[in-house]
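S.K.: Dropping the structure in here first, questions after.
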Amino acid sequence: MSTISYDASGAAQQAIAKHIDGLVEEKVATRIFAKDHTLWGPDAESESAIRLGWVEAATVSQPLVEGILELRDALRAEGVSRIVLCGMGGSSLAPEVIAGTAGVELTVLDSTDPEQVSAALSDRLAETAIVVSSKSGSTVETDSQRRVFEKAFNDAGIDAKSRIIIVTDPGSPLDKASREAGYRAVFNADPNVGGRFSALTAFGLVPCGLAGVDIQAFLDEAEEAAEILNEDSSDNIGLALGIALGGTSPLRNKIVIAEDGSGIVGFADWAEQLIAESTGKLGTGVLPVVAGPDSPEALNGADDVLVVRLVGADSDVELRENEVAIAGGLPSQMFVWEFATAVAGRLLGINPFDQPDVEAAKVAARGLLDARPEPTPAAFTDGVVEVRGGDWLGSADSVAGAVQALLGQLGPDGYLSVQAYLDRISHAPLEGIRDELAAVSGRPVTFGWGPRFLHSTGQFHKGGPAIGVFLQITAASSTDLEIPERPFTFGQLIAAQASGDAQVLEGHGRPVLRLHLTERAAGVAQLQEVVAALAAQASTLES
């Protein structure tokens, strides 16, 4: 197994020194592995009692390996060389990291954007099988993706049932319906594991194993990591990281997670959901910020920011003030961060296993799909961008002015959340505005692709401290896509998801600037130019 190591400085080091002996004395590590559901207080007991299966997932999942590999070989013998994963949140983020780090092709479809869905449909359909991952099957995104792929297979003369693999909880509505439908295979995951803790269950293993990842080696390393974590010791890296995340005083509630030579592809995106959805509730929590080691937030020394650098095992790390560096293989890191998140929840006094505010945006979206109201009139249009916002827009009459007005709503401990409801594959460069906006605002900036962030940081935005301001980017599409046996299209669905989330955020009193691109490519280019100009202006003023 790869060695797990860490180092800490400043506030993190002080917090570890303050809390580690107490956690060891309380036997928190061994109690977590003993599934002691009382660790997070009386209000959390009922939920935590059915959500601690992740501590033994590496062992419990071992019997799945043979069946996954047999199915992989059978599919390959039939000419199936491409696996598409239809999943959201924990069902998609973990497999994407695992496959990406292993260098294995896995198409992750975690969007309702009609252009992204259409692109996934049009690529080598004859060589494709899909994995539909959902604990219950009620997730609208994955249900819609399954429906459109099933129709595409049948229309192409391909037996759809032979190309659809299901991962779900035993006895779920999806489990029953899939077996009745005669789909190729149904894999059941441990129902006592929440989605964001499910990397080492069937949700992580089935799509990656079918795509070609060595899942046996993956589980073996994770089992060894579990042995290290299941120890009441001041050297327990999981306890130390948990303290760094949730035990600083005053709480550094912006955690910059920076890839810095670990060799793990996209780990911070997975950790972002794990931490934000687990801790962002009851008005507290820590906000993960996916950035680089030299991004503005990592360098500006703000007293509410802690930097965690993901480094290589052989890296010669020189920590700056208030930093943590952590190294280890992917299976070990995943187990360590799951464990640390549970520890952070105890220190924060919250239940890390529920997500009470995620449903609000879903309810609002369903209501908008049913009602189909006319769009709110734009405050003004600049180029190909329609601008909508609250009274705080003031006299702004340009995209640049609107962005500056939104940033004017930021408090000294606030953050900006950029939410782009676009095809994240073809418009990936748009994410580059994150660093520029961090430089302009002087505050941490998160960037999320809609609707997938709704299953991730969406919980923190509504349940965490009310200190965020929100920049929502939506776009018209030249194509739309029908969803079989549903009264709405993918274009209507993603529009409702964006509007519903904005509605809920505004209901919480948070400023939301909505930029709608009436032409995609031109709108993206215009927005990039505006943000670059603001960053250049801010740099000039600084110098």
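Scheme for the structure tokens: letters A, B, ... for chains in order shown; per-chain residue numbers from 1; ligand numbers from 1 in order shown.
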Can you pull out the residues contacting stretch 27-42 of chain A? Cut-off 10 Å, using only C-alpha atoms, and skip same-chain residues under 4 positions away; I want them as JSON, numbers by chain.

M.R.: {"A": [21, 22, 23, 46, 47, 48, 49, 50, 51, 52, 53, 54, 55, 56, 226, 227, 229, 230, 231, 232, 233, 236, 238, 239, 339, 340, 342, 343, 345, 346, 347, 348, 349, 350, 351, 352, 353]}

S.K.: What residues in stretch 381-445 of chain A get the DSSP label strand (DSSP E)? Please answer as number ranges by chain.

M.R.: A: 381-382, 385-388, 415-420, 445

S.K.: Find the residues around A:Val117 up to 12 Å (only C-alpha atoms counted), leave out those fewer than 2 positions away in its own chain, and share them as a ChimeraX atom specification.

M.R.: /A:84-86,107-115,119-123,141-142,144-149,152,422-426,479-483,489-491,494

S.K.: When you look at stretch 389-392 of chain A with a cut-off of 7 Å (counting only C-alpha atoms), what residues show up, excluding the ones that are within fewer than 5 positions of it in the same chain? I need them as number ranges by chain.

M.R.: A: 405, 511-514

S.K.: Using only all heavy atoms, please write the residues we just selected to a file, as a PDB file, in the first residue's frame.

M.R.:
ATOM      1  N   ALA A 405     -21.457  44.808  -8.726  1.00  0.00           N
ATOM      2  CA  ALA A 405     -22.527  45.017  -7.754  1.00  0.00           C
ATOM      3  C   ALA A 405     -22.702  43.776  -6.881  1.00  0.00           C
ATOM      4  O   ALA A 405     -22.916  43.879  -5.665  1.00  0.00           O
ATOM      5  CB  ALA A 405     -23.830  45.361  -8.464  1.00  0.00           C
ATOM      6  N   PRO A 511     -27.968  37.077  -2.252  1.00  0.00           N
ATOM      7  CA  PRO A 511     -27.934  37.737  -3.564  1.00  0.00           C
ATOM      8  C   PRO A 511     -27.580  36.738  -4.664  1.00  0.00           C
ATOM      9  O   PRO A 511     -26.601  35.999  -4.554  1.00  0.00           O
ATOM     10  CB  PRO A 511     -26.824  38.785  -3.415  1.00  0.00           C
ATOM     11  CG  PRO A 511     -26.525  38.872  -1.949  1.00  0.00           C
ATOM     12  CD  PRO A 511     -26.877  37.540  -1.370  1.00  0.00           C
ATOM     13  N   VAL A 512     -28.384  36.720  -5.726  1.00  0.00           N
ATOM     14  CA  VAL A 512     -28.136  35.840  -6.865  1.00  0.00           C
ATOM     15  C   VAL A 512     -28.131  36.687  -8.134  1.00  0.00           C
ATOM     16  O   VAL A 512     -29.137  37.312  -8.475  1.00  0.00           O
ATOM     17  CB  VAL A 512     -29.218  34.744  -6.988  1.00  0.00           C
ATOM     18  CG1 VAL A 512     -28.889  33.821  -8.163  1.00  0.00           C
ATOM     19  CG2 VAL A 512     -29.334  33.942  -5.699  1.00  0.00           C
ATOM     20  N   LEU A 513     -27.007  36.705  -8.817  1.00  0.00           N
ATOM     21  CA  LEU A 513     -26.905  37.360 -10.122  1.00  0.00           C
ATOM     22  C   LEU A 513     -27.050  36.280 -11.180  1.00  0.00           C
ATOM     23  O   LEU A 513     -26.262  35.325 -11.229  1.00  0.00           O
ATOM     24  CB  LEU A 513     -25.545  38.057 -10.264  1.00  0.00           C
ATOM     25  CG  LEU A 513     -25.226  38.642 -11.660  1.00  0.00           C
ATOM     26  CD1 LEU A 513     -26.246  39.706 -12.050  1.00  0.00           C
ATOM     27  CD2 LEU A 513     -23.807  39.194 -11.691  1.00  0.00           C
ATOM     28  N   ARG A 514     -28.066  36.417 -12.030  1.00  0.00           N
ATOM     29  CA  ARG A 514     -28.322  35.430 -13.072  1.00  0.00           C
ATOM     30  C   ARG A 514     -27.940  36.007 -14.427  1.00  0.00           C
ATOM     31  O   ARG A 514     -28.492  37.018 -14.864  1.00  0.00           O
ATOM     32  CB  ARG A 514     -29.794  35.015 -13.064  1.00  0.00           C
ATOM     33  CG  ARG A 514     -30.268  34.422 -11.741  1.00  0.00           C
ATOM     34  CD  ARG A 514     -31.664  33.849 -11.858  1.00  0.00           C
ATOM     35  NE  ARG A 514     -31.673  32.711 -12.773  1.00  0.00           N
ATOM     36  CZ  ARG A 514     -32.789  32.095 -13.183  1.00  0.00           C
ATOM     37  NH1 ARG A 514     -33.967  32.527 -12.760  1.00  0.00           N
ATOM     38  NH2 ARG A 514     -32.725  31.078 -14.005  1.00  0.00           N
TER      39      ARG A 514
END

S.K.: Could you go through stretch 19-138 of chain A and tell me which residues DSSP, when run on the backbone, assigns to alpha helix (DSSP H), listing them as a PyMOL selection string?

M.R.: chain A and resi 19-25+28-33+45-48+57-60+64-77+90-102+114-122

S.K.: Applying 9 Å and only C-alpha atoms, which residues near A:Glu431 remain after dropping the ones on its own chain fewer than 6 positions away? List them as a ChimeraX atom specification.

M.R.: /A:420,424,447-448

S.K.: Would you put the residues from that selection into a file with N, CA and C atoms, as a PDB file, in the first residue's frame?

M.R.:
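Output below, filename out.pdb:
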ATOM      1  N   ALA A 420     -22.425  27.248 -13.089  1.00  0.00           N
ATOM      2  CA  ALA A 420     -22.550  27.271 -14.551  1.00  0.00           C
ATOM      3  C   ALA A 420     -23.379  26.086 -15.030  1.00  0.00           C
ATOM      4  N   ARG A 424     -20.236  20.849 -19.284  1.00  0.00           N
ATOM      5  CA  ARG A 424     -18.949  21.029 -18.609  1.00  0.00           C
ATOM      6  C   ARG A 424     -17.779  20.451 -19.398  1.00  0.00           C
ATOM      7  N   PHE A 447     -16.455  27.107  -7.881  1.00  0.00           N
ATOM      8  CA  PHE A 447     -17.022  26.996  -9.218  1.00  0.00           C
ATOM      9  C   PHE A 447     -17.691  25.640  -9.321  1.00  0.00           C
ATOM     10  N   GLY A 448     -18.994  25.648  -9.617  1.00  0.00           N
ATOM     11  CA  GLY A 448     -19.737  24.397  -9.719  1.00  0.00           C
ATOM     12  C   GLY A 448     -20.473  24.307 -11.038  1.00  0.00           C
TER      13      GLY A 448
END

S.K.: With only C-alpha atoms as the basis for distance, which of A:Thr59, A:Asn192, A:Ser118, A:Ser198 is at the shortest distance from A:Met334?

M.R.: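 Closest to A:Met334 of all the choices is A:Ser198.
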
S.K.: Considering only C-alpha atoms, return as a PyMOL selection string whatever protein or nucleic-acid residues lie within 12 Å of A:Leu310, sequence-local ones (same chain, fewer than 3 positions apart) excluded.

M.R.: chain A and resi 4-7+256-268+271+290-293+307+313-315+317+319+323-330+333+337

S.K.: Hey, can you check how far atom CA of A:Ala502 sits from atom CA of A:Gly195?

M.R.: 24.3 Å
